[in-house]
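J.: My questions all concern the structure below.
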Amino acid sequence: MRIMKPFSLARHVLLLLVACLAFGAPAHAVLKIDITKGNVEPLPIALPEMAGDSAGQDIIEVVSADLERSGLFRPINPQSFIEKITADTGIPRFGDWRQISAQALVTGSVTPIGDDKLRVTFRLWDVTGETQIAGKEYNTLRSNWRRIAHIMADEIYKRLTGENGYFDSRIVYVAESGPDTKRIKRLAIMDQDGENHKYLSDGKFLVLTPRFSPTSQQILYMSYAGKQPRVFMRDLQTGREESLGTFEGMSFAPRFSNDGRSIVMSIASGGSTWIYKMDLRSRQLIRLTNGNGTIDTSPSFSPDGTQITFNSDRGGSQQLYVMNADGSGAKRISFGQGRYGTPVWSPRGDLIAFTKMQGGRFYIGVMRPDGSGERVLTESWMDEGPSWSPNGRVIVFHRQFPSSRGKAGNVRMYSVDLTGYNLREIITPMDASDPAWSPLLPL
């Protein structure tokens with residue numbers, strides 16, 4: 001048994017993960033979803049109410065919603081269930097579940113431990129193969145039931161797809177309100193499903209481009225606080241924030257390195273915008289790009305930290321480039337029609353997501369780091385600012401709609417599968433832009 005480190009903005013929770021349950025999962029489950037296909041037929045999965053404590057119903061509803069939103073699973077209507085799962089249920093009656101076309105089944109129970117803790121147990125079954133695929137038990141504070149649900153959904157996703165899940169994660173973004181002439185932009189954070197929403201700033205100063213650290217415990221962003229727009233860093237647990245320096249020009253578009261020890265950002269000065277790297281411990285600043293009158297911005301590290309992608313107008317139009325982490329060897333990788341911007345490297349390292357502007361339309365797309373294999377995933381009046389899910393399979397972005405007069409209207413947050421399918425709106429209390437997806441939360 002090992003104790004997981006707590007993660008919370010304000011609350012401290014105890015989370016214990018107990019080893020796999022008895023008659024544990026086989027090394028290779030027969031049931032598997034191939035997520036490399038363009039349009040996967042959702043797998044029918046039965047998710048009966050968890051026996052025991054009433055929190056079980058809340059937990060299974062969140063698990064079901066997570067899996068359904070992925071587009072890879074189709075939770076079966078509970079009204080069609082034949083067998084009733086109880087706390088005493090051992091091996092289920094697989095024939096009853098095959099009769100309603102279930103291919104996977106989740107059984108489990110929730111048991112109170114004292115006044116404020118729960119023991120959550122679940123098993124994942126291959127109905128056709130009549131075998132247990134996974135079995136886990138979690139001890140947690142009652143108030144932490146929602147996170148346990150996301151962790152369960154990640155385990156189910158991993159067992160049935162062979163890849164890590166992305167449900168136990170958060171999204172930070174810019175919450176927008178007010179008229180165009182007096183727009184209020186506040187930092188906000190929430191779980192990936194839109195729950196546990198919280199504002200991090202009061203809207204007194206405009207903020208842009210929040211970005212997570214590799215540990216999910218800090219964020220970088222650009223703020224107009226003070227006399228000059230500049231980059232700030234905020235600790236999500238303590239609420240402490242600090243400016244990363246005041247420079248000759250405006251600093252913006254920050255992003256952490258893969259190890260969290262340094263950042264890259266742009267600084268605009270004297271008609272040029274260059275990319276800089278800063279060591280967070282020493283605050284030493286190194287300029288990575290050069291060129292008079294050029295605009296180099298939106299830098300993003302590769303997962304191994306050896307390269308940086310960015311967009312630049314050095315060739316006459318805004319295009320995507322890749323360079324070594326020390327600034328050497330820059331080469332253009334985008335050669336399609338239109339302009340390209342906001343590149344961000346996938347956590348898997350295999351793709352770069354970007355915004356494309358062509359013919360009065362905006363697109364979210366992906367390409368390989370060498371520029372090959374370009375694919376467009378979305379198209380609208382204005383789609384911008386892609387950010388990857390922790391497993392590199394889903395992209396979140398913001399979409400702005402035109403008003404009735406053809407001007408900028410409402411801004412909403414959406415996600416789309418890497419294949420271009422399963423476009424979903426992520427509901428927020430107000431307009432939402434500049435989303436950034438965290439890594440999986442620390443355990």
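In the structure tokens, chains take the letters A, B, ... in the order shown, each chain's residues start at 1, and ligands count up from 1 in the order shown.
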Step one, run DSSP on the backbone; step two, keep only residues of segment 196-278 of chain A assigned to strand (DSSP E); then write them as a ChimeraX atom specification.
T.: /A:198-199,207-212,218-223,230-235,241-243,250-256,262-269,272-278
J.: Which of these residues is nearest to Ile113 of chain A, using only C-alpha atoms: A:Gly52, A:Gly71, A:Gly359, A:Pro179?
T.: A:Gly52
J.: So which residues touch Asp116 of chain A within 8 Å, counting only C-alpha atoms, skipping near sequence neighbours fewer than 3 positions away, as a ChimeraX atom specification?
T.: /A:112-113,141-143
J.: Could you save those same residues with N, CA and C atoms as a PDB file, in the first residue's frame?
T.:
ATOM      1  N   PRO A 112     -18.852   2.658   3.944  1.00  0.00           N
ATOM      2  CA  PRO A 112     -18.384   3.729   4.830  1.00  0.00           C
ATOM      3  C   PRO A 112     -17.300   3.229   5.783  1.00  0.00           C
ATOM      4  N   ILE A 113     -16.319   4.072   6.044  1.00  0.00           N
ATOM      5  CA  ILE A 113     -15.277   3.794   7.039  1.00  0.00           C
ATOM      6  C   ILE A 113     -15.303   4.958   8.019  1.00  0.00           C
ATOM      7  N   LEU A 141     -11.381  10.010   1.497  1.00  0.00           N
ATOM      8  CA  LEU A 141     -12.355  10.839   2.173  1.00  0.00           C
ATOM      9  C   LEU A 141     -13.634  10.884   1.351  1.00  0.00           C
ATOM     10  N   ARG A 142     -14.764  10.943   2.022  1.00  0.00           N
ATOM     11  CA  ARG A 142     -16.053  10.999   1.324  1.00  0.00           C
ATOM     12  C   ARG A 142     -16.108  12.179   0.358  1.00  0.00           C
ATOM     13  N   SER A 143     -15.517  13.298   0.746  1.00  0.00           N
ATOM     14  CA  SER A 143     -15.547  14.486  -0.101  1.00  0.00           C
ATOM     15  C   SER A 143     -14.766  14.308  -1.402  1.00  0.00           C
TER      16      SER A 143
END
J.: A:Gly114, A:Gly336, A:Gly365, A:Pro343: which is nearest Thr419 of chain A, counting only C-alpha atoms?
T.: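 Of A:Gly114, A:Gly336, A:Gly365, A:Pro343, the one nearest Thr419 of chain A, counting only C-alpha atoms, is A:Gly365.
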J.: Find the spatial neighbours of segment 377-389 of chain A, counting only C-alpha atoms, within a cut-off of 7 Å - ignore same-chain residues fewer than 5 positions away - and output them as a PyMOL selection string.
T.: chain A and resi 166+342+344+346+353-355+361-365+394-402+420+434-437
J.: Find the residues around Asp296 of chain A up to 12 Å (only C-alpha atoms counted), leave out those fewer than 3 positions away in its own chain, and share them as a VMD selection string.
T.: chain A and resid 252 to 253 264 to 269 271 to 276 287 to 293 299 to 300 308 to 315 317 to 323 327 330 341 to 343
J.: Could you pull the residues within 8 Å of segment 100-103 of chain A, counting only C-alpha atoms, minus those fewer than 4 positions along the same chain, as a ChimeraX atom specification?
T.: /A:31,43-46,76,80-81,96,126-128
J.: Take the residues from that selection and write them out as a PDB file, in the first residue's frame, keeping N, CA and C atoms.
T.:
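Just written: part23.pdb:
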ATOM      1  N   LEU A  31     -10.819  -8.709 -24.461  1.00  0.00           N
ATOM      2  CA  LEU A  31     -11.608  -7.571 -24.913  1.00  0.00           C
ATOM      3  C   LEU A  31     -10.715  -6.354 -25.083  1.00  0.00           C
ATOM      4  N   LEU A  43     -18.052   0.789 -27.579  1.00  0.00           N
ATOM      5  CA  LEU A  43     -18.190  -0.521 -26.959  1.00  0.00           C
ATOM      6  C   LEU A  43     -19.317  -0.491 -25.925  1.00  0.00           C
ATOM      7  N   PRO A  44     -20.289  -1.398 -26.014  1.00  0.00           N
ATOM      8  CA  PRO A  44     -21.386  -1.430 -25.026  1.00  0.00           C
ATOM      9  C   PRO A  44     -20.855  -1.899 -23.667  1.00  0.00           C
ATOM     10  N   ILE A  45     -21.038  -1.081 -22.654  1.00  0.00           N
ATOM     11  CA  ILE A  45     -20.542  -1.394 -21.319  1.00  0.00           C
ATOM     12  C   ILE A  45     -21.665  -1.208 -20.308  1.00  0.00           C
ATOM     13  N   ALA A  46     -21.807  -2.163 -19.402  1.00  0.00           N
ATOM     14  CA  ALA A  46     -22.837  -2.109 -18.361  1.00  0.00           C
ATOM     15  C   ALA A  46     -22.218  -1.570 -17.080  1.00  0.00           C
ATOM     16  N   ILE A  76     -24.882   1.145 -21.289  1.00  0.00           N
ATOM     17  CA  ILE A  76     -26.187   0.543 -21.552  1.00  0.00           C
ATOM     18  C   ILE A  76     -27.199   1.066 -20.545  1.00  0.00           C
ATOM     19  N   SER A  80     -32.497  -1.946 -18.617  1.00  0.00           N
ATOM     20  CA  SER A  80     -32.464  -3.223 -19.327  1.00  0.00           C
ATOM     21  C   SER A  80     -31.720  -4.310 -18.558  1.00  0.00           C
ATOM     22  N   PHE A  81     -31.106  -3.971 -17.415  1.00  0.00           N
ATOM     23  CA  PHE A  81     -30.317  -4.948 -16.670  1.00  0.00           C
ATOM     24  C   PHE A  81     -31.199  -6.069 -16.118  1.00  0.00           C
ATOM     25  N   ASP A  96     -26.698 -13.260 -18.481  1.00  0.00           N
ATOM     26  CA  ASP A  96     -27.650 -12.154 -18.345  1.00  0.00           C
ATOM     27  C   ASP A  96     -27.132 -10.887 -19.008  1.00  0.00           C
ATOM     28  N   ASP A 126     -14.782  -8.938 -18.636  1.00  0.00           N
ATOM     29  CA  ASP A 126     -14.996  -9.234 -20.058  1.00  0.00           C
ATOM     30  C   ASP A 126     -16.169 -10.207 -20.121  1.00  0.00           C
ATOM     31  N   VAL A 127     -17.311  -9.717 -20.601  1.00  0.00           N
ATOM     32  CA  VAL A 127     -18.531 -10.538 -20.578  1.00  0.00           C
ATOM     33  C   VAL A 127     -18.408 -11.726 -21.525  1.00  0.00           C
ATOM     34  N   THR A 128     -17.881 -11.497 -22.716  1.00  0.00           N
ATOM     35  CA  THR A 128     -17.763 -12.582 -23.694  1.00  0.00           C
ATOM     36  C   THR A 128     -16.767 -13.642 -23.230  1.00  0.00           C
TER      37      THR A 128
END
J.: Suppose you want the space between atom CA of Ile148 of chain A and atom CA of Ile59 of chain A; what is it in Å?
T.: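 Going from atom CA of Ile148 of chain A over to atom CA of Ile59 of chain A, I get 7.6 Å.
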J.: Please measure the separation of atom CA of Asp168 of chain A and atom CA of Asp154 of chain A, giving the value in Å to one decimal.
T.: 7.1 Å
J.: In Å, rounded to a single decimal, give me how far atom CA of Val63 of chain A is from atom CA of Met50 of chain A.
T.: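 Calculated distance between atom CA of Met50 of chain A and atom CA of Val63 of chain A is 11.2 Å.
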J.: With only C-alpha atoms as the counted atoms, please give the residues lying no more than 10 Å from segment 89-93 of chain A, apart from itself and same-chain residues fewer than 3 positions off, as a PyMOL selection string.
T.: chain A and resi 51+82-86+96-98+105-109+123+125+127+130-132
J.: So that I can check the secondary structure, give me every residue of segment 91-328 of chain A assigned alpha helix (DSSP H) by backbone DSSP, as a PyMOL selection string.
T.: chain A and resi 94-98+145-161
J.: Suppose we keep N, CA and C atoms; can you now write the selection as a PDB file, in the first residue's frame?
T.:
ATOM      1  N   PHE A  94     -22.843 -14.081 -16.461  1.00  0.00           N
ATOM      2  CA  PHE A  94     -22.456 -13.477 -17.738  1.00  0.00           C
ATOM      3  C   PHE A  94     -23.536 -13.609 -18.806  1.00  0.00           C
ATOM      4  N   GLY A  95     -24.315 -14.677 -18.754  1.00  0.00           N
ATOM      5  CA  GLY A  95     -25.375 -14.852 -19.747  1.00  0.00           C
ATOM      6  C   GLY A  95     -26.387 -13.735 -19.693  1.00  0.00           C
ATOM      7  N   ASP A  96     -26.698 -13.260 -18.481  1.00  0.00           N
ATOM      8  CA  ASP A  96     -27.650 -12.154 -18.345  1.00  0.00           C
ATOM      9  C   ASP A  96     -27.132 -10.887 -19.008  1.00  0.00           C
ATOM     10  N   TRP A  97     -25.833 -10.681 -18.955  1.00  0.00           N
ATOM     11  CA  TRP A  97     -25.261  -9.467 -19.521  1.00  0.00           C
ATOM     12  C   TRP A  97     -25.051  -9.587 -21.027  1.00  0.00           C
ATOM     13  N   ARG A  98     -24.765 -10.804 -21.501  1.00  0.00           N
ATOM     14  CA  ARG A  98     -24.689 -10.995 -22.954  1.00  0.00           C
ATOM     15  C   ARG A  98     -26.057 -10.797 -23.591  1.00  0.00           C
ATOM     16  N   TRP A 145     -15.018  11.726  -3.472  1.00  0.00           N
ATOM     17  CA  TRP A 145     -15.645  10.671  -4.270  1.00  0.00           C
ATOM     18  C   TRP A 145     -15.557  10.948  -5.766  1.00  0.00           C
ATOM     19  N   ARG A 146     -15.642  12.216  -6.159  1.00  0.00           N
ATOM     20  CA  ARG A 146     -15.634  12.518  -7.596  1.00  0.00           C
ATOM     21  C   ARG A 146     -14.285  12.179  -8.224  1.00  0.00           C
ATOM     22  N   ARG A 147     -13.191  12.460  -7.512  1.00  0.00           N
ATOM     23  CA  ARG A 147     -11.886  12.127  -8.070  1.00  0.00           C
ATOM     24  C   ARG A 147     -11.713  10.619  -8.182  1.00  0.00           C
ATOM     25  N   ILE A 148     -12.218   9.876  -7.199  1.00  0.00           N
ATOM     26  CA  ILE A 148     -12.154   8.422  -7.280  1.00  0.00           C
ATOM     27  C   ILE A 148     -12.880   7.931  -8.534  1.00  0.00           C
ATOM     28  N   ALA A 149     -13.999   8.561  -8.863  1.00  0.00           N
ATOM     29  CA  ALA A 149     -14.738   8.182 -10.071  1.00  0.00           C
ATOM     30  C   ALA A 149     -13.886   8.393 -11.322  1.00  0.00           C
ATOM     31  N   HIS A 150     -13.174   9.518 -11.393  1.00  0.00           N
ATOM     32  CA  HIS A 150     -12.314   9.771 -12.554  1.00  0.00           C
ATOM     33  C   HIS A 150     -11.169   8.759 -12.625  1.00  0.00           C
ATOM     34  N   ILE A 151     -10.604   8.407 -11.471  1.00  0.00           N
ATOM     35  CA  ILE A 151      -9.519   7.424 -11.443  1.00  0.00           C
ATOM     36  C   ILE A 151     -10.039   6.053 -11.889  1.00  0.00           C
ATOM     37  N   MET A 152     -11.245   5.693 -11.455  1.00  0.00           N
ATOM     38  CA  MET A 152     -11.865   4.449 -11.923  1.00  0.00           C
ATOM     39  C   MET A 152     -12.048   4.452 -13.434  1.00  0.00           C
ATOM     40  N   ALA A 153     -12.559   5.575 -13.963  1.00  0.00           N
ATOM     41  CA  ALA A 153     -12.776   5.671 -15.409  1.00  0.00           C
ATOM     42  C   ALA A 153     -11.463   5.544 -16.167  1.00  0.00           C
ATOM     43  N   ASP A 154     -10.393   6.139 -15.625  1.00  0.00           N
ATOM     44  CA  ASP A 154      -9.079   6.003 -16.257  1.00  0.00           C
ATOM     45  C   ASP A 154      -8.621   4.549 -16.282  1.00  0.00           C
ATOM     46  N   GLU A 155      -8.860   3.815 -15.189  1.00  0.00           N
ATOM     47  CA  GLU A 155      -8.456   2.411 -15.131  1.00  0.00           C
ATOM     48  C   GLU A 155      -9.225   1.580 -16.153  1.00  0.00           C
ATOM     49  N   ILE A 156     -10.516   1.830 -16.274  1.00  0.00           N
ATOM     50  CA  ILE A 156     -11.339   1.108 -17.249  1.00  0.00           C
ATOM     51  C   ILE A 156     -10.873   1.429 -18.665  1.00  0.00           C
ATOM     52  N   TYR A 157     -10.658   2.709 -18.933  1.00  0.00           N
ATOM     53  CA  TYR A 157     -10.186   3.149 -20.252  1.00  0.00           C
ATOM     54  C   TYR A 157      -8.866   2.468 -20.604  1.00  0.00           C
ATOM     55  N   LYS A 158      -7.942   2.451 -19.638  1.00  0.00           N
ATOM     56  CA  LYS A 158      -6.627   1.865 -19.883  1.00  0.00           C
ATOM     57  C   LYS A 158      -6.718   0.376 -20.164  1.00  0.00           C
ATOM     58  N   ARG A 159      -7.527  -0.331 -19.378  1.00  0.00           N
ATOM     59  CA  ARG A 159      -7.639  -1.780 -19.554  1.00  0.00           C
ATOM     60  C   ARG A 159      -8.277  -2.159 -20.879  1.00  0.00           C
ATOM     61  N   LEU A 160      -9.189  -1.336 -21.375  1.00  0.00           N
ATOM     62  CA  LEU A 160      -9.926  -1.698 -22.584  1.00  0.00           C
ATOM     63  C   LEU A 160      -9.368  -1.075 -23.862  1.00  0.00           C
ATOM     64  N   THR A 161      -8.468  -0.095 -23.740  1.00  0.00           N
ATOM     65  CA  THR A 161      -7.855   0.494 -24.931  1.00  0.00           C
ATOM     66  C   THR A 161      -6.357   0.233 -25.004  1.00  0.00           C
TER      67      THR A 161
END
